[in-house]
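Structure file upload_33.txt with compact mmCIF, C-alpha atoms:
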```txt
# COMPACT_ATOMS: atom_id res chain seq x y z
CA MET J 7 -0.88 -14.95 -24.67
CA ASN J 8 -0.84 -11.18 -24.96
CA PRO J 9 -2.77 -10.06 -28.06
CA ASP J 10 -0.62 -6.92 -28.46
CA PRO J 11 1.93 -7.73 -31.23
CA ALA J 12 4.48 -5.19 -29.94
CA LYS J 13 4.41 -6.65 -26.42
CA GLN J 14 4.57 -10.15 -27.88
CA ALA J 15 7.56 -9.31 -30.06
CA TRP J 16 9.34 -7.62 -27.17
CA GLN J 17 8.76 -10.45 -24.70
CA ARG J 18 9.83 -13.06 -27.24
CA SER J 19 13.06 -11.17 -27.97
CA VAL J 20 14.64 -12.71 -24.85
CA VAL J 21 12.99 -15.67 -23.20
CA GLY J 22 15.87 -17.22 -21.24
CA GLY J 23 17.91 -15.55 -18.55
CA GLY J 24 18.04 -17.55 -15.35
CA PRO J 25 19.96 -16.41 -12.30
CA PRO J 26 23.76 -16.31 -12.58
CA PRO J 27 25.78 -18.41 -10.09
CA LEU J 28 25.14 -17.16 -6.56
CA GLU J 29 28.86 -16.86 -5.81
CA GLU J 30 29.26 -14.51 -8.77
CA VAL J 31 26.28 -12.43 -7.62
CA ARG J 32 27.66 -12.14 -4.07
CA LYS J 33 31.04 -11.08 -5.41
CA GLY J 34 29.42 -8.45 -7.65
CA ALA J 35 27.29 -7.22 -4.75
CA ASN J 36 30.41 -6.09 -2.92
CA LYS J 37 31.51 -3.93 -5.86
CA PHE J 38 29.56 -0.90 -4.68
CA TYR J 39 31.00 -1.23 -1.16
CA ARG J 40 34.49 -1.78 -2.53
CA TYR J 41 34.10 1.48 -4.45
CA ILE J 42 32.93 3.28 -1.30
CA LYS J 43 35.86 1.85 0.69
CA TRP J 44 38.27 2.96 -2.04
CA ARG J 45 36.78 6.46 -2.10
CA ASN J 46 36.97 6.69 1.70
CA LEU J 47 40.56 5.57 1.57
CA ILE J 48 41.42 8.37 -0.86
CA GLU J 49 39.68 10.89 1.40
CA TYR J 50 41.52 9.61 4.47
CA ALA J 51 44.81 9.73 2.55
CA ALA J 52 44.12 13.36 1.56
CA CYS J 53 43.34 14.14 5.22
CA VAL J 54 46.57 12.49 6.34
CA VAL J 55 48.56 14.57 3.82
CA VAL J 56 46.94 17.83 5.07
CA VAL J 57 47.34 16.87 8.74
CA VAL J 58 51.00 15.84 8.34
CA THR J 59 51.82 18.97 6.32
CA PHE J 60 50.14 21.42 8.71
CA THR J 61 51.47 19.61 11.79
CA SER J 62 54.96 20.18 10.43
CA TYR J 63 54.04 23.87 9.91
CA ILE J 64 53.24 24.14 13.63
CA PHE J 65 56.87 23.33 14.36
CA VAL J 66 58.51 24.95 11.36
CA LEU J 67 56.69 28.26 10.93
CA PRO J 68 58.11 31.04 13.11
CA ASN J 69 55.07 33.17 13.94
CA VAL J 70 52.59 32.12 16.67
CA LEU J 71 49.64 33.12 14.46
CA GLN J 72 50.92 30.77 11.76
CA LYS J 73 51.18 27.97 14.33
CA ILE J 74 47.63 28.53 15.62
CA GLY J 75 46.41 28.86 12.03
CA SER J 76 47.98 25.52 11.09
CA GLY J 77 46.25 23.88 14.06
CA LEU J 78 42.92 25.35 12.96
CA VAL J 79 43.41 24.04 9.40
CA ILE J 80 43.93 20.55 10.87
CA LEU J 81 40.71 20.85 12.90
CA GLY J 82 38.92 22.17 9.80
CA THR J 83 40.12 19.15 7.79
CA PHE J 84 38.61 16.72 10.31
CA TYR J 85 35.34 18.64 10.28
CA VAL J 86 35.16 18.67 6.45
CA ALA J 87 35.93 14.91 6.25
CA TRP J 88 33.10 14.21 8.71
CA GLN J 89 30.71 16.46 6.79
CA LEU J 90 31.65 14.80 3.48
CA HIS J 91 30.54 11.45 4.91
CA ARG J 92 27.40 12.91 6.45
CA ARG J 93 26.22 14.95 3.47
CA ALA J 94 27.69 13.51 0.29
CA SER J 95 27.73 9.72 0.66
CA ALA J 96 25.76 7.80 -2.00
CA GLU J 97 22.75 5.62 -1.19
CA PRO J 98 23.42 1.94 -1.96
CA PRO J 99 21.49 0.73 -5.05
CA GLU J 100 19.49 -1.89 -3.11
CA LYS J 101 17.67 0.94 -1.29
CA ALA J 102 16.06 1.83 -4.64
CA GLY J 103 13.38 -0.78 -4.04
CA THR J 104 11.97 1.07 -1.04
CA MET J 105 10.42 3.86 -3.10
CA PRO J 106 9.40 4.62 -6.70
CA ILE J 107 12.31 5.31 -9.07
CA LEU J 108 11.64 9.04 -9.47
CA GLN J 109 11.13 9.53 -5.74
CA PHE J 110 14.43 7.76 -5.05
CA ALA J 111 16.21 9.93 -7.62
CA LYS J 112 14.61 13.07 -6.18
CA THR J 113 15.62 12.20 -2.59
CA GLN J 114 19.24 11.74 -3.68
CA MET J 115 19.22 14.95 -5.73
CA ILE J 116 17.78 16.99 -2.86
CA ARG J 117 20.51 15.71 -0.57
CA GLN J 118 23.21 16.56 -3.11
CA ARG J 119 21.66 19.96 -3.90
CA ASP J 120 21.53 20.91 -0.21
CA ALA J 121 25.13 19.82 0.27
CA LEU J 122 26.23 21.98 -2.69
CA ARG J 123 24.16 24.98 -1.64
CA ALA J 124 25.65 24.92 1.86
CA ILE J 125 29.20 24.30 0.59
CA PHE J 126 30.45 27.58 2.08
CA TRP J 127 29.43 26.60 5.62
CA TRP J 128 30.79 23.05 5.76
CA TYR J 129 33.57 22.92 3.12
CA LEU J 130 35.05 26.41 2.82
CA LEU J 131 34.42 28.22 6.11
CA PRO J 132 36.19 25.59 8.30
CA PHE J 133 39.45 26.44 6.51
CA VAL J 134 39.00 30.23 6.61
CA PRO J 135 40.08 31.01 10.23
CA GLY J 136 43.24 28.90 9.91
CA MET J 137 44.16 30.30 6.50
CA VAL J 138 43.50 33.90 7.62
CA LEU J 139 45.77 33.42 10.65
CA ILE J 140 48.51 31.83 8.54
CA VAL J 141 48.37 34.65 5.97
CA THR J 142 48.26 37.31 8.70
CA GLY J 143 51.18 35.67 10.52
CA THR J 144 53.14 35.51 7.30
CA TRP J 145 52.34 39.14 6.53
CA ILE J 146 53.42 40.31 10.01
CA GLY J 147 56.59 38.20 9.93
CA GLU J 148 57.68 39.26 6.47
CA ARG J 149 56.46 42.85 6.56
CA GLU J 150 59.97 44.19 6.69
CA SER J 151 61.81 41.60 4.66
CA GLY J 152 59.53 40.90 1.69
CA PRO J 153 57.41 42.97 -0.69
CA GLU J 154 53.79 43.43 0.47
CA TRP J 155 52.34 43.11 -3.01
CA PHE J 156 53.53 39.49 -3.09
CA ASP J 157 51.44 38.66 0.01
CA ALA J 158 48.50 40.58 -1.42
CA ILE J 159 48.60 38.52 -4.62
CA GLY J 160 48.81 35.31 -2.58
CA GLY J 161 45.78 36.36 -0.53
CA ALA J 162 43.85 37.38 -3.64
CA VAL J 163 44.55 34.03 -5.32
CA MET J 164 43.30 32.21 -2.22
CA VAL J 165 40.10 34.27 -2.14
CA ALA J 166 39.62 33.70 -5.89
CA ILE J 167 39.95 29.91 -5.38
CA PHE J 168 37.41 29.96 -2.54
CA VAL J 169 34.95 32.07 -4.57
CA GLY J 170 35.50 29.85 -7.63
CA VAL J 171 34.79 26.66 -5.67
CA TRP J 172 31.67 28.22 -4.15
CA TRP J 173 30.42 29.49 -7.53
CA LEU J 174 30.96 26.15 -9.33
CA ASN J 175 29.06 24.37 -6.59
CA GLN J 176 26.18 26.84 -6.82
CA LEU J 177 26.00 26.12 -10.56
CA GLY J 178 25.83 22.39 -9.73
CA ALA J 179 23.07 23.03 -7.18
CA ARG J 180 21.06 25.03 -9.72
CA LYS J 181 21.38 22.22 -12.29
CA LEU J 182 20.15 19.69 -9.73
CA GLN J 183 17.27 22.01 -8.80
CA ARG J 184 16.15 22.05 -12.45
CA HIS J 185 16.10 18.23 -12.45
CA ILE J 186 14.15 18.22 -9.17
CA VAL J 187 11.53 20.56 -10.67
CA GLU J 188 11.26 18.26 -13.72
CA ILE J 189 10.73 15.25 -11.45
CA ASP J 190 8.12 17.16 -9.44
CA ALA J 191 6.21 17.84 -12.66
CA LEU J 192 6.35 14.15 -13.57
CA ILE J 193 5.18 12.86 -10.20
CA GLY J 194 2.55 15.57 -9.88
CA GLU J 195 4.07 17.46 -6.95
CA SER J 196 4.66 21.18 -6.81
CA GLN J 197 7.78 22.65 -5.18
CA MET Z 18 16.22 -20.75 7.83
CA SER Z 19 19.00 -18.20 8.55
CA GLY Z 20 18.78 -14.63 7.30
CA LYS Z 21 21.43 -15.16 4.64
CA SER Z 22 19.94 -18.37 3.25
CA GLN Z 23 16.49 -16.80 3.28
CA GLN Z 24 17.94 -13.88 1.31
CA ASP Z 25 19.53 -16.34 -1.14
CA ALA Z 26 16.28 -18.28 -1.55
CA ARG Z 27 14.17 -15.17 -2.13
CA TYR Z 28 16.70 -13.77 -4.58
CA LEU Z 29 16.89 -17.04 -6.55
CA ALA Z 30 13.11 -17.29 -6.79
CA ALA Z 31 12.84 -13.67 -8.00
CA ALA Z 32 15.75 -14.07 -10.42
CA ARG Z 33 14.14 -17.17 -11.94
CA THR Z 34 10.80 -15.39 -12.36
CA HIS Z 35 12.21 -12.10 -13.64
CA GLY Z 36 15.50 -13.21 -15.25
CA ALA Z 37 14.31 -12.76 -18.83
CA MET Z 38 12.78 -9.37 -18.01
CA ILE Z 39 16.13 -8.26 -16.53
CA GLU Z 40 17.91 -9.31 -19.74
CA ARG Z 41 15.40 -7.40 -21.87
CA LEU Z 42 15.59 -4.35 -19.61
CA ALA Z 43 19.39 -4.37 -19.87
CA ARG Z 44 19.03 -4.35 -23.68
CA GLY Z 45 16.92 -1.22 -23.30
CA TYR Z 46 19.64 0.55 -21.34
CA GLU Z 47 22.81 -0.74 -22.98
CA ALA Z 48 23.38 -1.53 -26.67
CA ASP Z 49 26.93 -2.87 -26.30
CA PRO Z 50 26.81 -6.65 -25.55
CA GLU Z 51 29.88 -6.64 -23.30
CA LEU Z 52 28.73 -3.68 -21.23
CA ARG Z 53 25.25 -5.20 -21.14
CA ARG Z 54 26.64 -8.34 -19.49
CA ASP Z 55 28.15 -6.14 -16.79
CA LEU Z 56 24.87 -4.30 -16.38
CA VAL Z 57 22.93 -7.57 -15.96
CA GLN Z 58 25.42 -8.66 -13.29
CA GLU Z 59 25.09 -5.30 -11.56
CA ILE Z 60 21.31 -5.63 -11.51
CA HIS Z 61 21.49 -9.15 -10.07
CA ALA Z 62 23.96 -7.97 -7.42
CA ALA Z 63 21.69 -5.10 -6.35
CA LEU Z 64 18.71 -7.45 -6.38
CA TRP Z 65 20.45 -10.01 -4.17
CA ARG Z 66 21.45 -7.30 -1.69
CA SER Z 67 17.94 -5.86 -1.75
CA PHE Z 68 16.41 -9.08 -0.46
CA ALA Z 69 18.18 -8.46 2.84
CA ILE Z 70 15.89 -5.43 3.37
CA PHE Z 71 12.77 -6.47 1.44
CA ALA Z 72 9.85 -6.81 3.85
CA GLY Z 73 6.86 -6.54 1.53
CA GLN Z 74 7.04 -2.72 1.25
CA CYS Z 75 5.44 -3.16 -2.20
CA ALA Z 76 4.66 -6.05 -4.57
CA GLU Z 77 7.75 -8.16 -5.29
CA LYS Z 78 7.33 -7.48 -9.01
CA SER Z 79 7.44 -3.70 -8.41
CA TRP Z 80 10.43 -4.12 -6.09
CA VAL Z 81 12.40 -6.02 -8.75
CA HIS Z 82 11.49 -3.49 -11.46
CA ARG Z 83 12.47 -0.55 -9.22
CA ILE Z 84 15.86 -2.03 -8.42
CA ALA Z 85 16.55 -3.05 -12.02
CA HIS Z 86 15.49 0.28 -13.56
CA ASN Z 87 17.40 2.28 -10.99
CA VAL Z 88 20.60 0.40 -11.80
CA GLY Z 89 19.80 0.75 -15.52
CA VAL Z 90 19.26 4.53 -15.34
CA THR Z 91 22.41 5.01 -13.25
CA HIS Z 92 24.35 2.96 -15.81
CA MET Z 93 22.88 4.97 -18.67
CA MET Z 94 23.50 8.39 -17.07
CA THR Z 95 27.03 7.66 -15.91
CA GLY Z 96 28.12 5.98 -19.15
CA ARG Z 97 30.84 7.92 -20.91
CA ARG Z 98 29.91 6.92 -24.41
CA ARG Z 99 29.02 9.68 -26.81
CA ARG Z 100 25.42 9.50 -28.00
CA LYS Z 101 24.79 9.83 -31.72
CA LEU Z 102 21.39 11.45 -31.10
CA PRO Z 103 20.09 13.42 -28.12
CA LEU Z 104 17.59 11.69 -25.83
CA VAL Z 105 14.00 12.74 -26.48
CA GLY Z 106 10.51 12.34 -25.02
CA LEU Z 107 7.81 10.10 -26.49
CA GLU Z 108 6.01 13.16 -27.85
CA GLN Z 109 8.97 13.84 -30.13
CA ILE Z 110 8.86 10.45 -31.84
CA ASP Z 111 6.31 10.14 -34.63
CA GLU Z 112 7.11 6.66 -35.85
CA LEU Z 113 9.21 3.62 -34.98
CA PRO Z 114 12.60 3.96 -36.67
CA GLY Z 115 13.54 1.72 -39.61
CA GLY Z 116 9.99 1.23 -40.83
CA ASP Z 117 10.66 1.72 -44.53
CA ASP Z 118 10.01 -1.91 -45.27
CA PRO Z 119 6.51 -2.75 -44.01
CA GLU Z 120 6.73 -6.23 -45.59
CA HIS Z 121 9.17 -7.18 -42.87
CA SER Z 122 8.00 -4.96 -40.07
CA ALA Z 123 5.41 -7.45 -38.85
CA GLY Z 124 8.10 -10.06 -38.14
CA ASN Z 125 8.84 -10.33 -34.44
CA SER Z 126 12.61 -9.92 -34.70
CA THR Z 127 12.33 -6.83 -36.89
CA LEU Z 128 9.62 -5.34 -34.74
CA SER Z 129 11.60 -5.93 -31.55
CA ALA Z 130 14.65 -4.33 -33.19
CA ARG Z 131 12.57 -1.29 -34.08
CA LEU Z 132 11.19 -1.15 -30.55
CA LEU Z 133 14.72 -1.33 -29.19
CA ALA Z 134 15.89 1.47 -31.49
CA THR Z 135 13.01 3.62 -30.21
CA ILE Z 136 13.76 2.78 -26.57
CA HIS Z 137 17.40 3.79 -27.02
CA ARG Z 138 16.34 7.26 -28.16
CA LEU Z 139 14.16 7.93 -25.11
CA ALA Z 140 14.96 10.00 -22.02
CA PRO Z 141 14.91 8.01 -18.73
CA ALA Z 142 11.29 8.54 -17.58
CA ASP Z 143 9.78 7.72 -20.97
CA ARG Z 144 12.18 4.82 -21.44
CA GLN Z 145 11.01 3.33 -18.16
CA VAL Z 146 7.37 3.65 -19.13
CA MET Z 147 7.94 2.05 -22.53
CA LEU Z 148 9.92 -0.86 -21.08
CA LEU Z 149 7.33 -1.44 -18.34
CA TYR Z 150 4.48 -1.19 -20.83
CA LEU Z 151 6.12 -3.74 -23.12
CA GLU Z 152 6.55 -6.02 -20.09
CA ASP Z 153 2.76 -5.82 -19.79
CA LEU Z 154 2.54 -3.92 -16.52
CA THR Z 155 -0.72 -2.10 -15.92
CA ALA Z 156 -0.89 1.70 -15.66
CA ALA Z 157 -1.21 1.41 -11.87
CA GLU Z 158 1.83 -0.86 -11.68
CA ILE Z 159 3.83 1.53 -13.89
CA GLY Z 160 2.89 4.33 -11.49
CA GLU Z 161 3.95 2.23 -8.49
CA VAL Z 162 7.34 1.44 -10.04
CA THR Z 163 8.20 4.85 -11.47
CA GLY Z 164 6.36 7.23 -9.16
CA LEU Z 165 4.86 9.04 -12.18
CA SER Z 166 1.45 10.58 -11.54
CA ALA Z 167 -1.58 8.71 -12.91
CA SER Z 168 -2.12 11.39 -15.58
CA ALA Z 169 1.53 11.31 -16.65
CA VAL Z 170 1.35 7.51 -17.04
CA ALA Z 171 -1.94 7.74 -18.95
CA VAL Z 172 -0.55 10.32 -21.40
CA ARG Z 173 2.55 8.21 -22.06
CA ILE Z 174 0.61 4.99 -22.55
CA HIS Z 175 -1.69 6.76 -25.01
CA ARG Z 176 1.32 8.02 -26.98
CA LEU Z 177 2.84 4.54 -26.92
CA LYS Z 178 -0.33 2.91 -28.21
CA VAL Z 179 -0.47 5.40 -31.09
CA LEU Z 180 3.22 4.89 -31.84
CA LEU Z 181 3.02 1.09 -31.71
CA ALA Z 182 -0.06 0.98 -33.93
CA GLU Z 183 1.67 3.11 -36.57
CA PRO Z 184 3.33 0.27 -38.59
CA TYR Z 185 0.00 -1.48 -38.98
CA ARG Z 186 -1.82 1.70 -39.98
CA THR Z 187 0.84 2.32 -42.64
CA GLU Z 188 0.49 -1.24 -43.85
CA GLU Z 189 -3.29 -0.93 -44.06
CA LYS Z 190 -2.98 2.31 -46.04
CA ARG Z 191 -0.65 0.64 -48.53
CA ALA Z 192 -2.93 -2.39 -48.90
```
Mind converting the file's structure to structure tokens?
Amino acid sequence: MNPDPAKQAWQRSVVGGGPPPLEEVRKGANKFYRYIKWRNLIEYAACVVVVVTFTSYIFVLPNVLQKIGSGLVILGTFYVAWQLHRRASAEPPEKAGTMPILQFAKTQMIRQRDALRAIFWWYLLPFVPGMVLIVTGTWIGERESGPEWFDAIGGAVMVAIFVGVWWLNQLGARKLQRHIVEIDALIGESQ
Amino acid sequence: MSGKSQQDARYLAAARTHGAMIERLARGYEADPELRRDLVQEIHAALWRSFAIFAGQCAEKSWVHRIAHNVGVTHMMTGRRRRKLPLVGLEQIDELPGGDDPEHSAGNSTLSARLLATIHRLAPADRQVMLLYLEDLTAAEIGEVTGLSASAVAVRIHRLKVLLAEPYRTEEKRA
């Protein structure tokens, strides 16, 4: 028996606790994968919406630049979906046994931080050529019929959204970096 | 024995050995009984899955603790409940909470409640060390489970020993 009264009291606080029925455990074990499947489904659905919308633009929009731009947006969507899976998918919890807790947390944070830092290259840039062509095509097509300031505002809003997304992700990356530095201090590693 | 039945057998053996520890650990990460039941199930699910890839990478005891604590920390950090007090490090806690009545503090149930109240105030790394220490893991084992450096574990265990001895020192002073 442990002579330490605190350890004794703690270990006596719960003495039972056998395994739950195996069927229940197996069912619960699929929860994580069900969540991943559900998340993938939402991503695929979002891709389908973008692809269907921009495919219709190819036929509906009058200017050739708009048509090419729509095609590029579709290609960009496929690229972003692939990158999302490659860079941002979560590690399943059972992998946590393969390394110490802090090391496991650090590995996941580094992966997320790198994905956020590089967000411009894999999440924003793939849409830029298509969007630029669509906006340019629109501008050329409507130069005579519509007011230019309206197009300029539309373009500025798009740029502001892109910059905003990039900036928010950089803030997220910096927050993760602070946690990584804290973990490094705890495990005795320097950056 | 097939892979699946071997996985089942290894899981069941580990769950029998460490079942009570898992229940106690869940108490350290979740105060609400209903949510705690979910957490225990989540830990068992991750543990069962883990025995499909466990090949003696570390001691089984460390493996089980790593899986359980990882699920516990994820549960704690993703929980949407508002905390009454901010999480702190061991160095910011001078005494076990609720120790105004030393007459009763030596009783196991009261002491374990005070330990639990302390655990619930701790930030993840210190919470892990305290839970592992109370489960009687050695400093080396705590390092293997958490990944904390030897000096970081030693500092925390020292603080814990001082903190846990405090009710008895107070009692002695009064006597």
7 Å contacts from chain J to chain Z using all atoms listed in the file, as a compact mmCIF listing (two decimals) with C-alpha atoms, in the frame of the given file:
```txt
# COMPACT_ATOMS: atom_id res chain seq x y z
CA ALA J 12 4.48 -5.19 -29.94
CA LYS J 13 4.41 -6.65 -26.42
CA ALA J 15 7.56 -9.31 -30.06
CA TRP J 16 9.34 -7.62 -27.17
CA GLN J 17 8.76 -10.45 -24.70
CA SER J 19 13.06 -11.17 -27.97
CA VAL J 20 14.64 -12.71 -24.85
CA VAL J 21 12.99 -15.67 -23.20
CA GLY J 22 15.87 -17.22 -21.24
CA GLY J 23 17.91 -15.55 -18.55
CA GLY J 24 18.04 -17.55 -15.35
CA PRO J 25 19.96 -16.41 -12.30
CA VAL J 31 26.28 -12.43 -7.62
CA ARG J 32 27.66 -12.14 -4.07
CA GLY J 34 29.42 -8.45 -7.65
CA ALA J 35 27.29 -7.22 -4.75
CA PRO J 99 21.49 0.73 -5.05
CA GLU J 100 19.49 -1.89 -3.11
CA LYS J 101 17.67 0.94 -1.29
CA ALA J 102 16.06 1.83 -4.64
CA GLY J 103 13.38 -0.78 -4.04
CA THR J 104 11.97 1.07 -1.04
CA PRO J 106 9.40 4.62 -6.70
CA ILE J 107 12.31 5.31 -9.07
CA LEU J 108 11.64 9.04 -9.47
CA GLN J 109 11.13 9.53 -5.74
CA LEU J 192 6.35 14.15 -13.57
CA ILE J 193 5.18 12.86 -10.20
CA GLY J 194 2.55 15.57 -9.88
```
Do a neighbour search on Phe133 (chain J) at 9 Å with only C-alpha atoms, toss out local chain neighbours closer than 2 positions, and write the hits as a short mmCIF file (atom, residue, chain, number, x, y, z; two decimals) with C-alpha atoms, in the coordinates of the input.
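part_4.cif written:
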```cif
data_model
loop_
_atom_site.label_atom_id
_atom_site.label_comp_id
_atom_site.auth_asym_id
_atom_site.auth_seq_id
_atom_site.Cartn_x
_atom_site.Cartn_y
_atom_site.Cartn_z
CA LEU J 78 42.92 25.35 12.96
CA VAL J 79 43.41 24.04 9.40
CA ILE J 80 43.93 20.55 10.87
CA LEU J 81 40.71 20.85 12.90
CA GLY J 82 38.92 22.17 9.80
CA THR J 83 40.12 19.15 7.79
CA VAL J 86 35.16 18.67 6.45
CA TYR J 129 33.57 22.92 3.12
CA LEU J 130 35.05 26.41 2.82
CA LEU J 131 34.42 28.22 6.11
CA PRO J 135 40.08 31.01 10.23
CA GLY J 136 43.24 28.90 9.91
CA MET J 137 44.16 30.30 6.50
CA VAL J 138 43.50 33.90 7.62
#
```
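Coordinates place CA of Gly96 (chain Z) at a distance of 23.7 Å from CA of Val187 (chain J).
For the pair CA of Ile136 (chain Z) and CA of Gly45 (chain Z), the separation is 6.1 Å.
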| At what distance in Å, to one decimal, does CA of Val179 (chain Z) lie from CA of Ile110 (chain Z)? |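 If I compute the distance from CA of Ile110 (chain Z) to CA of Val179 (chain Z), I get 10.6 Å.
In this comparison, which uses all atoms listed in the file, the residue of J:Ile167, J:Phe126, J:Gly75, J:Leu90 approaching Ile140 (chain J) most closely is J:Gly75.
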| message | Taking only C-alpha atoms into account, name the residue in J:Arg119, J:Ile42, J:Met105, J:Pro26 that is nearest to Arg54 (chain Z). | response |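 Residue with the minimum atom-to-atom distance to Arg54 (chain Z): J:Pro26.
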| query | When distances are computed from only C-alpha atoms, which of J:Val141, J:Leu182, J:Leu71, J:Leu174 shows the smallest separation from Gly160 (chain J)? | reply | J:Val141
| Point (35.0, 7.5, -0.9), cut-off 12 Å, counting all atoms listed in the file, residues as a count of residues only | 23
| task | Find the spatial neighbours of Asp143 (chain Z), counting all atoms listed in the file, within a cut-off of 8 Å - ignore same-chain residues fewer than 2 positions away - and output them as a list in words. | result | Gly106, Leu107, Leu139, Ala140, Pro141, Gln145, Val146, Met147 and Arg173 of chain Z
| field | Residues near Ile64 (chain J), cut-off 8 Å, only C-alpha atoms, skip fewer than 4 positions along chain, as a ChimeraX atom specification | value | /J:60,72-74,76-77
| Proximity to Ala111 (chain J) - best of J:Arg123, J:Pro27, J:Asp10, J:Asp190, only C-alpha atoms |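 Nearest candidate to Ala111 (chain J) out of J:Arg123, J:Pro27, J:Asp10, J:Asp190: J:Asp190.
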| said: Every residue with an atom at most 6 Å from (20.9, 0.8, -20.4) (file coordinates; all atoms listed in the file) is what I'm after, so could you write them as a PyMOL selection string? | reply: chain Z and resi 43+45-47+89+93
Okay, now the selection with C-alpha atoms, as a PDB file, in the coordinates of the input?
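Output file part-v4.pdb is given in full below:
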```
ATOM      1  CA  ALA Z  43      19.390  -4.370 -19.870  1.00  0.00           C
ATOM      2  CA  GLY Z  45      16.920  -1.220 -23.300  1.00  0.00           C
ATOM      3  CA  TYR Z  46      19.640   0.550 -21.340  1.00  0.00           C
ATOM      4  CA  GLU Z  47      22.810  -0.740 -22.980  1.00  0.00           C
ATOM      5  CA  GLY Z  89      19.800   0.750 -15.520  1.00  0.00           C
ATOM      6  CA  MET Z  93      22.880   4.970 -18.670  1.00  0.00           C
TER       7      MET Z  93
END
```
I'd like the box whose edges run along x, y and z of the file and which contains every listed atom of region 152-166 of chain Z, padded by 3 Å per side; could you state its centre and edge lengths in Å, one decimal, as lines of an AutoDock Vina configuration file?
```
center_x = 3.5
center_y = 2.3
center_z = -14.3
size_x = 15.4
size_y = 22.6
size_z = 17.6
```
